[in-house]
$ cat run-v1.csv   # CSV, C-alpha atoms
chain,number,residue,atom,x,y,z
S,288,MET,CA,0.0,0.0,0.0
S,289,ASP,CA,1.3,3.5,-0.9
S,290,PHE,CA,1.5,5.8,2.0
S,291,LEU,CA,3.2,8.7,0.3
S,292,LEU,CA,2.1,11.9,1.8
S,293,THR,CA,0.4,14.7,-0.1
S,294,ALA,CA,1.9,18.2,-0.4
S,295,GLN,CA,-0.6,19.4,2.3
S,296,GLU,CA,0.4,16.6,4.6
S,297,ARG,CA,4.1,17.2,4.2
S,298,ASP,CA,3.6,20.9,4.9
S,299,PHE,CA,1.6,20.0,8.0
S,300,ARG,CA,4.4,17.7,9.3
S,301,ALA,CA,7.0,20.5,8.6
S,302,ARG,CA,5.0,23.2,10.4
S,303,LEU,CA,4.1,20.8,13.3
S,304,ARG,CA,7.8,19.9,13.8
S,305,GLU,CA,8.7,23.6,13.9
S,306,LEU,CA,6.0,24.1,16.6
S,307,LEU,CA,6.9,21.0,18.7
S,308,GLY,CA,10.6,21.8,18.7
S,309,GLY,CA,10.2,25.6,19.3
S,310,PRO,CA,10.4,27.8,22.4
S,311,GLU,CA,6.6,28.1,22.8
S,312,MET,CA,6.3,24.4,23.3
S,313,ARG,CA,9.3,24.2,25.6
S,314,ARG,CA,7.8,26.9,27.8
S,315,ALA,CA,4.4,25.1,27.9
S,316,LEU,CA,6.1,21.8,28.9
S,317,LEU,CA,8.0,23.6,31.7
S,318,GLU,CA,4.7,25.1,32.9
S,319,GLY,CA,3.0,21.7,33.0
S,320,SER,CA,5.8,20.1,35.1
S,321,ARG,CA,6.5,23.0,37.4
S,322,GLU,CA,3.5,22.4,39.7
S,323,HIS,CA,3.4,18.6,39.1
S,324,PRO,CA,6.9,17.3,38.7
S,325,ASP,CA,5.9,13.7,39.3
S,326,ASP,CA,2.8,13.8,37.0
S,327,PRO,CA,3.2,16.8,34.6
S,328,ASP,CA,0.0,18.4,33.4
S,329,PRO,CA,-0.1,18.2,29.6
S,330,ARG,CA,-2.8,20.8,29.1
S,331,PRO,CA,-0.4,23.8,28.7
S,332,ALA,CA,1.3,21.9,25.8
S,333,TYR,CA,-2.0,20.8,24.4
S,334,ARG,CA,-3.3,24.3,24.4
S,335,VAL,CA,-0.4,25.3,22.2
S,336,LEU,CA,-1.5,22.7,19.7
S,337,GLY,CA,-5.2,23.5,20.2
S,338,ARG,CA,-4.8,27.1,19.2
S,339,HIS,CA,-3.9,25.9,15.7
S,340,GLY,CA,-6.6,23.2,15.6
S,341,TRP,CA,-3.8,20.6,15.6
S,342,LEU,CA,-4.6,18.7,18.8
S,343,ALA,CA,-7.4,17.1,16.8
S,344,PRO,CA,-6.4,18.1,13.3
S,345,ASP,CA,-8.9,15.7,11.5
S,346,TRP,CA,-11.9,16.9,13.4
S,347,PRO,CA,-14.2,19.4,11.8
S,348,THR,CA,-13.5,23.1,12.5
S,349,GLU,CA,-16.8,23.5,14.2
S,350,ARG,CA,-15.6,20.8,16.7
S,351,GLY,CA,-12.3,22.5,17.4
S,352,GLY,CA,-10.2,20.7,14.7
S,353,ALA,CA,-8.6,21.9,11.5
S,354,GLY,CA,-10.7,19.9,9.1
S,355,LEU,CA,-7.6,18.1,7.8
S,356,ASP,CA,-7.5,14.4,6.7
S,357,THR,CA,-6.8,11.4,8.9
S,358,ALA,CA,-3.2,11.2,7.8
S,359,CYS,CA,-2.5,14.5,9.6
S,360,ALA,CA,-3.9,13.0,12.8
S,361,ASN,CA,-1.5,10.1,12.3
S,362,ILE,CA,1.4,12.5,11.6
S,363,LEU,CA,0.6,14.2,14.9
S,364,THR,CA,0.8,10.9,16.8
S,365,ASP,CA,4.2,10.2,15.2
S,366,GLU,CA,5.6,13.6,16.0
S,367,LEU,CA,4.4,13.7,19.6
S,368,ALA,CA,6.3,10.5,20.2
S,369,LEU,CA,9.4,11.6,18.3
S,370,HIS,CA,9.6,14.9,20.1
S,371,ARG,CA,8.9,13.2,23.5
S,372,ILE,CA,5.8,15.3,24.1
S,373,PRO,CA,3.6,13.4,26.7
S,374,ASP,CA,1.0,11.7,24.5
S,375,SER,CA,-1.0,9.3,26.7
S,376,ALA,CA,-3.4,12.0,27.7
S,377,HIS,CA,-3.8,12.9,24.0
S,378,VAL,CA,-4.5,9.3,23.1
S,379,ASN,CA,-7.1,8.9,25.9
S,380,SER,CA,-8.7,12.3,25.6
S,381,VAL,CA,-8.8,13.0,21.9
S,382,ARG,CA,-8.1,9.8,20.0
S,383,ASN,CA,-10.2,7.5,22.3
S,384,ALA,CA,-12.8,9.5,24.3
S,385,GLY,CA,-13.1,12.3,21.8
S,386,ARG,CA,-13.4,10.1,18.7
S,387,LEU,CA,-16.0,7.9,20.5
S,388,LEU,CA,-18.1,11.0,21.1
S,389,LEU,CA,-17.5,12.1,17.5
S,390,LEU,CA,-18.8,8.7,16.3
S,391,CYS,CA,-21.5,7.9,18.8
S,392,GLY,CA,-22.3,10.9,20.9
S,393,SER,CA,-25.4,13.0,20.6
S,394,ASP,CA,-25.4,16.4,18.8
S,395,ARG,CA,-25.6,18.1,22.2
S,396,GLN,CA,-22.6,16.1,23.5
S,397,ARG,CA,-20.5,16.9,20.5
S,398,GLU,CA,-21.3,20.6,20.6
S,399,ARG,CA,-20.7,20.8,24.4
S,400,LEU,CA,-17.7,18.5,24.8
S,401,LEU,CA,-15.6,18.3,21.7
S,402,PRO,CA,-14.3,21.9,21.3
S,403,PRO,CA,-12.9,22.0,24.8
S,404,LEU,CA,-11.2,18.7,24.2
S,405,ALA,CA,-9.8,19.8,20.9
S,406,HIS,CA,-8.5,23.1,22.4
S,407,GLY,CA,-6.7,21.4,25.2
S,408,ASP,CA,-8.7,23.1,27.8
S,409,VAL,CA,-10.3,19.9,29.1
S,410,LEU,CA,-9.0,16.3,29.4
S,411,ALA,CA,-11.1,13.2,29.3
S,412,ALA,CA,-10.4,9.7,30.6
S,413,VAL,CA,-11.9,6.4,29.5
S,414,LEU,CA,-12.9,4.3,32.5
S,415,TYR,CA,-13.6,0.7,31.6
S,416,SER,CA,-11.2,-1.4,33.7
S,417,GLU,CA,-12.1,-2.5,37.3
S,418,PRO,CA,-10.1,-4.2,40.1
S,419,GLU,CA,-11.4,-7.7,39.3
S,420,THR,CA,-12.4,-7.4,35.6
S,421,GLY,CA,-9.3,-6.4,33.6
S,422,SER,CA,-9.9,-7.1,29.9
S,423,ASP,CA,-13.2,-9.0,30.7
S,424,LEU,CA,-15.6,-6.1,30.5
S,425,ALA,CA,-18.5,-8.5,30.6
S,426,SER,CA,-17.9,-9.0,34.3
S,427,LEU,CA,-17.8,-5.3,35.2
S,428,ARG,CA,-19.4,-4.5,38.6
S,429,THR,CA,-20.0,-0.8,38.4
S,430,THR,CA,-23.7,-0.2,38.3
S,431,ALA,CA,-26.0,2.7,37.2
S,432,ARG,CA,-29.3,2.7,39.0
S,433,PRO,CA,-32.3,4.6,37.5
S,434,THR,CA,-33.5,7.6,39.4
S,435,ALA,CA,-36.2,10.2,38.9
S,436,GLY,CA,-33.7,12.5,37.1
S,437,GLY,CA,-31.4,10.0,35.4
S,438,TRP,CA,-29.0,7.5,36.9
S,439,GLU,CA,-26.9,7.0,40.0
S,440,LEU,CA,-23.4,5.3,39.6
S,441,HIS,CA,-21.7,3.1,42.1
S,442,GLY,CA,-18.4,1.3,41.5
S,443,THR,CA,-14.6,1.5,41.2
S,444,LYS,CA,-12.4,2.0,38.1
S,445,VAL,CA,-8.7,1.5,38.0
S,446,HIS,CA,-5.5,1.9,35.9
S,447,SER,CA,-6.2,5.1,34.1
S,448,VAL,CA,-3.4,7.6,33.5
S,449,LYS,CA,-3.4,11.4,33.9
S,450,THR,CA,-6.8,11.1,35.6
S,451,SER,CA,-5.8,13.6,38.3
S,452,HIS,CA,-5.7,16.2,35.5
S,453,CYS,CA,-8.9,15.0,33.8
S,454,ASP,CA,-12.2,16.9,33.9
S,455,LEU,CA,-14.6,14.2,32.6
S,456,ALA,CA,-14.7,10.5,31.8
S,457,ILE,CA,-16.5,8.0,29.6
S,458,VAL,CA,-17.6,5.4,32.2
S,459,ALA,CA,-19.0,1.9,31.5
S,460,ALA,CA,-21.6,0.7,33.9
S,461,ARG,CA,-24.1,-2.1,34.1
S,462,THR,CA,-27.7,-0.8,33.8
S,463,ARG,CA,-29.5,-4.1,33.4
S,464,GLU,CA,-28.8,-7.8,34.1
S,465,HIS,CA,-28.9,-9.8,31.0
S,466,PRO,CA,-28.4,-13.5,30.1
S,467,GLN,CA,-25.7,-12.4,27.7
S,468,PRO,CA,-23.4,-10.4,30.0
S,469,LEU,CA,-22.1,-8.2,27.2
S,470,LEU,CA,-25.6,-6.7,26.9
S,471,GLY,CA,-27.0,-4.4,29.6
S,472,ILE,CA,-24.0,-2.1,29.7
S,473,THR,CA,-24.3,1.6,29.2
S,474,LEU,CA,-21.7,4.4,28.7
S,475,PHE,CA,-22.0,7.7,30.5
S,476,VAL,CA,-20.2,11.0,30.4
S,477,VAL,CA,-19.2,11.7,34.0
S,478,ASP,CA,-18.0,15.0,35.5
S,479,LEU,CA,-14.9,14.0,37.5
S,480,HIS,CA,-15.4,17.0,39.8
S,481,ALA,CA,-19.0,16.0,40.7
S,482,PRO,CA,-20.0,15.0,44.2
S,483,GLY,CA,-19.3,11.3,44.9
S,484,VAL,CA,-16.2,11.1,42.6
S,485,THR,CA,-12.8,10.4,44.3
S,486,VAL,CA,-9.6,10.0,42.3
S,487,ARG,CA,-6.7,8.3,44.0
S,488,PRO,CA,-3.2,7.4,42.8
S,489,VAL,CA,-2.3,3.7,42.6
S,490,PRO,CA,1.3,2.7,43.4
S,491,GLY,CA,3.2,1.2,40.5
S,492,VAL,CA,6.2,1.4,38.3
S,493,ASN,CA,4.5,3.0,35.3
S,494,HIS,CA,6.2,6.3,34.2
S,495,GLU,CA,2.9,8.0,34.6
S,496,PRO,CA,0.9,7.4,37.8
S,497,LEU,CA,-2.1,5.2,37.5
S,498,HIS,CA,-5.3,6.1,39.3
S,499,GLN,CA,-8.3,4.5,41.0
S,500,VAL,CA,-11.6,6.3,40.5
S,501,LEU,CA,-14.3,5.7,43.2
S,502,LEU,CA,-17.9,6.4,42.1
S,503,ASP,CA,-20.2,6.7,45.2
S,504,GLY,CA,-23.7,7.7,44.2
S,505,VAL,CA,-22.6,9.9,41.3
S,506,ARG,CA,-25.6,11.5,39.6
S,507,VAL,CA,-25.8,11.7,35.8
S,508,GLY,CA,-28.7,12.8,33.6
S,509,PRO,CA,-30.2,11.1,30.5
S,510,GLU,CA,-28.3,13.6,28.4
S,511,ASP,CA,-25.1,12.0,29.6
S,512,VAL,CA,-25.8,8.6,28.0
S,513,VAL,CA,-23.5,7.9,25.1
S,514,GLY,CA,-25.3,5.9,22.4
S,515,ASP,CA,-28.2,3.8,23.5
S,516,ALA,CA,-28.9,2.6,27.0
S,517,ASP,CA,-28.1,-1.1,27.6
S,518,GLU,CA,-26.2,-1.2,24.3
S,519,GLY,CA,-22.9,0.2,25.4
S,520,TRP,CA,-20.9,-2.8,24.4
S,521,LEU,CA,-21.5,-2.0,20.7
S,522,VAL,CA,-20.1,1.5,21.3
S,523,ILE,CA,-17.2,0.1,23.3
S,524,THR,CA,-16.4,-2.4,20.5
S,525,GLU,CA,-16.2,0.5,18.0
S,526,GLY,CA,-14.1,2.6,20.4
S,527,LEU,CA,-11.7,-0.2,21.1
S,528,ALA,CA,-11.1,-0.9,17.5
S,529,VAL,CA,-10.1,2.8,17.2
S,530,GLU,CA,-7.7,2.4,20.1
S,531,ARG,CA,-6.2,-0.7,18.5
S,532,VAL,CA,-5.2,0.9,15.2
S,533,GLY,CA,-1.7,0.9,16.7
S,534,MET,CA,-0.4,4.3,15.5
S,535,ASP,CA,0.7,5.5,19.0
S,536,TYR,CA,2.3,2.1,19.7
S,537,SER,CA,4.2,2.1,16.5
S,538,ALA,CA,5.4,5.7,17.0
S,539,ARG,CA,6.7,4.8,20.5
S,540,VAL,CA,8.5,1.7,19.1
S,541,ARG,CA,10.3,3.8,16.4
S,542,ALA,CA,11.2,6.6,18.8
S,543,HIS,CA,12.7,4.2,21.3
S,544,LEU,CA,14.4,2.2,18.6
S,545,ALA,CA,16.1,5.3,17.3
S,546,TRP,CA,17.4,6.0,20.8
S,547,LEU,CA,18.6,2.4,21.1
S,548,ARG,CA,20.7,2.7,17.9
S,549,GLY,CA,22.4,5.7,19.4
S,550,ARG,CA,23.2,3.9,22.6
S,551,ALA,CA,24.5,0.9,20.8
S,552,ALA,CA,26.8,3.1,18.8
S,553,ASP,CA,28.1,4.8,21.9
S,554,ARG,CA,28.9,1.5,23.6
S,555,GLY,CA,30.7,-0.1,20.7
S,556,ARG,CA,28.0,-1.9,18.6
S,557,THR,CA,29.0,-5.4,17.5
S,558,ASP,CA,28.1,-6.9,14.2
S,559,ALA,CA,25.6,-9.2,15.9
S,560,MET,CA,24.0,-6.3,17.7
S,561,ALA,CA,23.8,-4.3,14.4
S,562,GLU,CA,22.1,-7.3,12.7
S,563,ARG,CA,19.5,-7.5,15.5
S,564,LEU,CA,18.8,-3.8,15.3
S,565,ASP,CA,18.4,-4.0,11.6
S,566,ARG,CA,15.9,-6.9,11.9
S,567,LEU,CA,14.0,-5.1,14.6
S,568,SER,CA,13.9,-1.9,12.5
S,569,THR,CA,12.5,-3.9,9.6
S,570,ALA,CA,9.8,-5.4,11.8
S,571,ALA,CA,9.1,-1.9,13.2
S,572,GLU,CA,8.6,-0.6,9.6
S,573,ALA,CA,6.2,-3.5,9.0
S,574,GLY,CA,4.3,-2.5,12.2
S,575,ARG,CA,4.2,1.1,11.0
S,576,LEU,CA,2.7,0.1,7.6
S,577,LEU,CA,0.2,-2.1,9.3
S,578,ALA,CA,-0.9,0.7,11.6
S,579,TRP,CA,-1.2,3.2,8.7
S,580,SER,CA,-3.3,0.7,6.7
S,581,MET,CA,-5.6,0.3,9.7
S,582,ALA,CA,-5.8,4.1,10.0
S,583,ALA,CA,-6.8,4.3,6.3
S,584,ARG,CA,-9.4,1.6,6.9
S,585,LEU,CA,-10.8,3.6,9.8
S,586,ALA,CA,-11.0,6.7,7.7
S,587,ASP,CA,-12.9,4.8,5.0
S,588,GLY,CA,-15.3,3.4,7.7
S,589,ASP,CA,-14.1,-0.1,6.9
S,590,LEU,CA,-12.0,-1.0,10.0
S,591,ASP,CA,-12.3,-4.7,11.0
S,592,PRO,CA,-11.8,-5.1,14.8
S,593,ALA,CA,-9.8,-8.3,14.4
S,594,GLU,CA,-7.4,-6.7,11.9
S,595,ALA,CA,-7.0,-3.8,14.4
S,596,ALA,CA,-6.2,-6.3,17.1
S,597,GLU,CA,-3.4,-7.6,14.8
S,598,SER,CA,-1.9,-4.1,14.6
S,599,LYS,CA,-2.1,-3.5,18.3
S,600,TRP,CA,-0.6,-6.9,19.1
S,601,LEU,CA,2.3,-6.6,16.7
S,602,ASN,CA,3.3,-3.1,17.7
S,603,SER,CA,3.0,-3.6,21.5
S,604,GLU,CA,5.0,-6.8,21.2
S,605,LEU,CA,7.6,-5.0,19.2
S,606,MET,CA,8.0,-2.6,22.1
S,607,ARG,CA,8.7,-5.5,24.3
S,608,GLN,CA,11.4,-6.7,22.0
S,609,VAL,CA,12.9,-3.2,21.9
S,610,TRP,CA,13.0,-3.3,25.7
S,611,GLU,CA,14.5,-6.7,25.8
S,612,LEU,CA,17.3,-5.6,23.5
S,613,SER,CA,17.9,-2.5,25.6
S,614,GLN,CA,18.6,-4.6,28.6
S,615,GLU,CA,21.8,-5.9,27.0
S,616,LEU,CA,23.0,-2.3,26.8
S,617,SER,CA,21.8,-1.2,30.2
S,618,CYS,CA,23.7,0.0,33.2
S,619,PRO,CA,22.7,0.5,36.9
S,620,HIS,CA,22.2,4.2,36.4
S,621,ASP,CA,19.3,3.5,34.1
S,622,LEU,CA,17.1,2.7,37.1
S,623,LEU,CA,17.7,6.1,38.8
S,624,THR,CA,14.9,8.6,38.7
S,625,ALA,CA,15.1,12.4,38.3
S,626,HIS,CA,15.0,12.7,42.1
S,627,ASP,CA,18.4,11.0,42.4
S,628,PRO,CA,21.3,13.5,42.0
S,629,ALA,CA,23.3,10.7,40.3
S,630,ALA,CA,20.6,10.1,37.6
S,631,PRO,CA,21.8,10.6,34.0
S,632,GLU,CA,20.6,13.6,32.1
S,633,ASP,CA,18.9,11.4,29.5
S,634,LEU,CA,16.2,9.4,31.3
S,635,THR,CA,15.0,7.5,28.1
S,636,ALA,CA,16.3,4.2,29.5
S,637,LEU,CA,14.2,4.6,32.6
S,638,LEU,CA,11.2,5.6,30.5
S,639,LEU,CA,11.5,2.5,28.4
S,640,ASN,CA,11.8,0.3,31.5
S,641,GLN,CA,8.6,1.8,32.9
S,642,GLU,CA,6.6,2.1,29.7
S,643,ALA,CA,7.2,-1.1,27.8
S,644,PRO,CA,5.4,-3.6,30.1
S,645,GLY,CA,2.2,-1.6,30.1
S,646,LEU,CA,1.8,-1.4,26.4
S,647,SER,CA,1.1,-5.1,26.1
S,648,LEU,CA,-1.7,-4.5,28.7
S,649,SER,CA,-3.4,-1.3,27.7
S,650,ALA,CA,-6.4,-1.3,25.2
S,651,GLY,CA,-6.5,-5.1,25.7
S,652,THR,CA,-3.7,-7.5,26.7
S,653,SER,CA,-1.7,-9.3,24.0
S,654,GLU,CA,-3.5,-12.5,25.0
S,655,MET,CA,-6.8,-10.9,24.4
S,656,MET,CA,-5.6,-9.7,21.0
S,657,LEU,CA,-4.6,-13.2,20.1
S,658,GLN,CA,-8.0,-14.4,21.2
S,659,VAL,CA,-9.7,-11.9,19.0
S,660,ILE,CA,-7.5,-12.8,16.0
S,661,ALA,CA,-8.0,-16.5,16.6
S,662,GLY,CA,-11.8,-16.1,16.7
S,663,ASN,CA,-11.7,-14.3,13.4
S,664,LEU,CA,-9.8,-17.2,11.9
S,665,GLY,CA,-12.3,-19.6,13.3
S,666,LEU,CA,-9.9,-21.2,15.7
S,667,GLU,CA,-10.8,-22.5,19.2
S,668,ALA,CA,-8.9,-22.8,22.5
S,669,GLY,CA,-6.0,-25.1,22.1
S,670,ASP,CA,-5.7,-24.7,18.3
S,671,ALA,CA,-2.2,-23.6,17.1
S,672,LEU,CA,-2.0,-20.2,15.4

$ encode --input "run-v1.csv" --output "structure tokens"
Amino acid sequence: MDFLLTAQERDFRARLRELLGGPEMRRALLEGSREHPDDPDPRPAYRVLGRHGWLAPDWPTERGGAGLDTACANILTDELALHRIPDSAHVNSVRNAGRLLLLCGSDRQRERLLPPLAHGDVLAAVLYSEPETGSDLASLRTTARPTAGGWELHGTKVHSVKTSHCDLAIVAARTREHPQPLLGITLFVVDLHAPGVTVRPVPGVNHEPLHQVLLDGVRVGPEDVVGDADEGWLVITEGLAVERVGMDYSARVRAHLAWLRGRAADRGRTDAMAERLDRLSTAAEAGRLLAWSMAARLADGDLDPAEAAESKWLNSELMRQVWELSQELSCPHDLLTAHDPAAPEDLTALLLNQEAPGLSLSAGTSEMMLQVIAGNLGLEAGDAL
């Protein structure tokens, strides 16, 4: 498949690189980390992009975007990773929650919520996972009970990033018991500053703190339902397919692989190491092409969830391989954080150690991706892929 960029797309990449590498972005990143050194607030940086309509470049202008094509959104994902701009909040807020609202939200929800997301003034989280459900959303325990004015939510969500900076969330809750457990689930827009919402950090090694969100009698109205009541699984499936396109995973792989080549050169790269890096670079290019093909299918409205799972699986597993190779070039200082005076100036090795394991878990574990792929091939448990 030919992924040559158009003149407009090349111009967008050039102007984006100039902005991301310029003084305005550096000042915004410093502003975000000054008050929150352990969990920098990405909103100052996102507002810089939002002023140009580039935080959601493929959204319509009336929704806060720039009205550009999907390729420009993919270019943004690439460049954020290559310039080391924190992108997990962008993935969750714009590419996941925002696109879900763009595809399945009501006109009122789109009008009210999308422009602030696209401008970087508001961040959104996607709250599906729970302490005992993980990837098995059919067993979620968060409930939404009908009330005279709408619904009342009770439950606990876990393992979301940047949630302490988020203003709203897309929450999955069970609204009806059903013989088929994937039915009877509804998605709601929840104000994370509303009474009954508590956000707590969860200890872990992830480079960005994970959070637990407690929902204790949180009130939402009928206007906060995303899609149809009791049919949230259909919306979730569409949203997860978007998450699994793999663009952000592929971008991270290539950014870390470029760093790994530099480290190997600094430490006297052997012929065997050079060959392994070349093989991994070839695989990373295959992962990039697969992710771009999935993005093109998404733009055409023809994205197959099983094929998206292939892209997510391949690119997140490639990150694991990059990490494994990095361990052969590691040193004890790689484990030091910025709080340690002996820490190296370049903390990329630490970031890779902290980030790589989680990529095979987020948006569905690698095992779940293989299960989706196997089901599409008509295989059953125990069959060899």

$ atom_distance --input "run-v1.csv" --atom1 "atom CA of S:Asp517" --atom2 "atom CA of S:Pro466"
12.7 Å

$ residues_around --input "run-v1.csv" --residues "S:Glu419" --least-positions-apart "6" --cutoff "12 Å" --atoms "all atoms listed in the file" --output "VMD selection string"
chain S and resid 425 to 429 442 to 446

$ write_last_selection --input "run-v1.csv" --atoms "C-alpha atoms" --output "PDB file, keeping the file's coordinate frame"
ATOM      1  CA  ALA S 425     -18.500  -8.500  30.600  1.00  0.00           C
ATOM      2  CA  SER S 426     -17.900  -9.000  34.300  1.00  0.00           C
ATOM      3  CA  LEU S 427     -17.800  -5.300  35.200  1.00  0.00           C
ATOM      4  CA  ARG S 428     -19.400  -4.500  38.600  1.00  0.00           C
ATOM      5  CA  THR S 429     -20.000  -0.800  38.400  1.00  0.00           C
ATOM      6  CA  GLY S 442     -18.400   1.300  41.500  1.00  0.00           C
ATOM      7  CA  THR S 443     -14.600   1.500  41.200  1.00  0.00           C
ATOM      8  CA  LYS S 444     -12.400   2.000  38.100  1.00  0.00           C
ATOM      9  CA  VAL S 445      -8.700   1.500  38.000  1.00  0.00           C
ATOM     10  CA  HIS S 446      -5.500   1.900  35.900  1.00  0.00           C
TER      11      HIS S 446
END

$ atom_distance --input "run-v1.csv" --atom1 "atom CA of S:Val532" --atom2 "atom CA of S:Asn383"
10.9 Å

$ closest_atom_pairs --input "run-v1.csv" --of "stretch 543-647 of chain S" --to "stretch 353-356 of chain S" --cutoff "12 Å" --atoms "all atoms listed in the file" --output "tab-separated table"
residue	atom	partner	partner_atom	distance
S:Ala582	CA	S:Asp356	CA	10.9
S:Ala583	CA	S:Asp356	CA	10.1
S:Leu585	CA	S:Asp356	CA	11.7
S:Ala586	CA	S:Asp356	CA	8.5
S:Asp587	CA	S:Asp356	CA	11.1

$ residues_around --input "run-v1.csv" --residues "S:Ala360" --least-positions-apart "4" --cutoff "8 Å" --atoms "all atoms listed in the file" --output "ChimeraX atom specification"
/S:343-345,356,364

$ closest_residue --input "run-v1.csv" --among "S:Ala368, S:Leu388, S:Leu497, S:Leu440" --to "S:Ala481" --atoms "all atoms listed in the file"
S:Leu440

$ residues_around --input "run-v1.csv" --residues "S:Ile660" --least-positions-apart "2" --cutoff "9 Å" --atoms "all atoms listed in the file" --output "list in words"
Pro592, Ala593, Glu594, Ala596, Glu597, Met655, Met656, Leu657, Gln658, Gly662, Asn663, Leu664, Gly665 and Leu666 of chain S

$ closest_residue --input "run-v1.csv" --among "S:Ala294, S:Ala561, S:Val505, S:Leu634" --to "S:Gly437" --atoms "only C-alpha atoms"
S:Val505

$ residues_around --input "run-v1.csv" --residues "stretch 606-621 of chain S" --least-positions-apart "4" --cutoff "8 Å" --atoms "all atoms listed in the file" --output "compact mmCIF listing (two decimals) with C-alpha atoms, in the frame of the given file"
# COMPACT_ATOMS: atom_id res chain seq x y z
CA TYR S 536 2.30 2.10 19.70
CA ARG S 539 6.70 4.80 20.50
CA VAL S 540 8.50 1.70 19.10
CA HIS S 543 12.70 4.20 21.30
CA LEU S 544 14.40 2.20 18.60
CA LEU S 547 18.60 2.40 21.10
CA ARG S 550 23.20 3.90 22.60
CA ALA S 551 24.50 0.90 20.80
CA ARG S 554 28.90 1.50 23.60
CA LEU S 567 14.00 -5.10 14.60
CA ASN S 602 3.30 -3.10 17.70
CA ALA S 629 23.30 10.70 40.30
CA ALA S 630 20.60 10.10 37.60
CA PRO S 631 21.80 10.60 34.00
CA LEU S 634 16.20 9.40 31.30
CA ALA S 636 16.30 4.20 29.50
CA LEU S 637 14.20 4.60 32.60
CA LEU S 639 11.50 2.50 28.40
CA ASN S 640 11.80 0.30 31.50
CA ALA S 643 7.20 -1.10 27.80
CA PRO S 644 5.40 -3.60 30.10
CA LEU S 646 1.80 -1.40 26.40
CA SER S 647 1.10 -5.10 26.10

$ atom_distance --input "run-v1.csv" --atom1 "atom CA of S:Arg314" --atom2 "atom CA of S:His406"
17.6 Å

$ residues_around --input "run-v1.csv" --residues "S:Asp374" --least-positions-apart "5" --cutoff "10 Å" --atoms "only C-alpha atoms" --output "PyMOL selection string"
chain S and resi 329+333+363-368+379-380+535+539

$ closest_residue --input "run-v1.csv" --among "S:Ala595, S:Ala384, S:Gly407, S:Leu303" --to "S:Gly352" --atoms "all atoms listed in the file"
S:Gly407

$ closest_residue --input "run-v1.csv" --among "S:Ala332, S:Ala301, S:Ala545, S:Ala431" --to "S:Glu464" --atoms "only C-alpha atoms"
S:Ala431

$ closest_residue --input "run-v1.csv" --among "S:Leu502, S:Leu336, S:Ile523, S:Val484" --to "S:Asp408" --atoms "all atoms listed in the file"
S:Leu336

$ closest_residue --input "run-v1.csv" --among "S:Asp326, S:Asn361, S:Gly351, S:Leu474" --to "S:Arg300" --atoms "only C-alpha atoms"
S:Asn361

$ residues_near_point --input "run-v1.csv" --point "(-22.3, 14.2, 30.9)" --cutoff "7 Å" --atoms "only C-alpha atoms" --output "ChimeraX atom specification"
/S:475-478,507,510-511

$ decode --input "run-v1.csv" --residues "stretch 323-330 of chain S" --atoms "N, CA, C and O atoms" --output "PDB file, in the first residue's frame"
ATOM      1  N   HIS S 323       3.583  20.069  38.965  1.00  0.00           N
ATOM      2  CA  HIS S 323       3.361  18.626  39.102  1.00  0.00           C
ATOM      3  C   HIS S 323       4.575  17.877  38.548  1.00  0.00           C
ATOM      4  O   HIS S 323       4.487  17.216  37.509  1.00  0.00           O
ATOM      5  N   PRO S 324       5.718  17.940  39.213  1.00  0.00           N
ATOM      6  CA  PRO S 324       6.930  17.316  38.656  1.00  0.00           C
ATOM      7  C   PRO S 324       6.813  15.809  38.499  1.00  0.00           C
ATOM      8  O   PRO S 324       7.440  15.229  37.606  1.00  0.00           O
ATOM      9  N   ASP S 325       6.033  15.144  39.358  1.00  0.00           N
ATOM     10  CA  ASP S 325       5.912  13.691  39.269  1.00  0.00           C
ATOM     11  C   ASP S 325       4.809  13.241  38.322  1.00  0.00           C
ATOM     12  O   ASP S 325       4.762  12.069  37.934  1.00  0.00           O
ATOM     13  N   ASP S 326       3.935  14.144  37.945  1.00  0.00           N
ATOM     14  CA  ASP S 326       2.840  13.818  37.019  1.00  0.00           C
ATOM     15  C   ASP S 326       2.493  15.091  36.245  1.00  0.00           C
ATOM     16  O   ASP S 326       1.473  15.725  36.488  1.00  0.00           O
ATOM     17  N   PRO S 327       3.357  15.481  35.287  1.00  0.00           N
ATOM     18  CA  PRO S 327       3.171  16.759  34.596  1.00  0.00           C
ATOM     19  C   PRO S 327       1.798  16.892  33.947  1.00  0.00           C
ATOM     20  O   PRO S 327       1.245  15.923  33.412  1.00  0.00           O
ATOM     21  N   ASP S 328       1.268  18.098  34.030  1.00  0.00           N
ATOM     22  CA  ASP S 328      -0.014  18.411  33.414  1.00  0.00           C
ATOM     23  C   ASP S 328       0.226  18.714  31.932  1.00  0.00           C
ATOM     24  O   ASP S 328       0.943  19.663  31.604  1.00  0.00           O
ATOM     25  N   PRO S 329      -0.345  17.926  31.017  1.00  0.00           N
ATOM     26  CA  PRO S 329      -0.076  18.154  29.589  1.00  0.00           C
ATOM     27  C   PRO S 329      -0.900  19.279  28.985  1.00  0.00           C
ATOM     28  O   PRO S 329      -0.678  19.659  27.834  1.00  0.00           O
ATOM     29  N   ARG S 330      -1.863  19.834  29.738  1.00  0.00           N
ATOM     30  CA  ARG S 330      -2.771  20.805  29.131  1.00  0.00           C
ATOM     31  C   ARG S 330      -2.080  22.063  28.604  1.00  0.00           C
ATOM     32  O   ARG S 330      -2.463  22.552  27.525  1.00  0.00           O
TER      33      ARG S 330
END
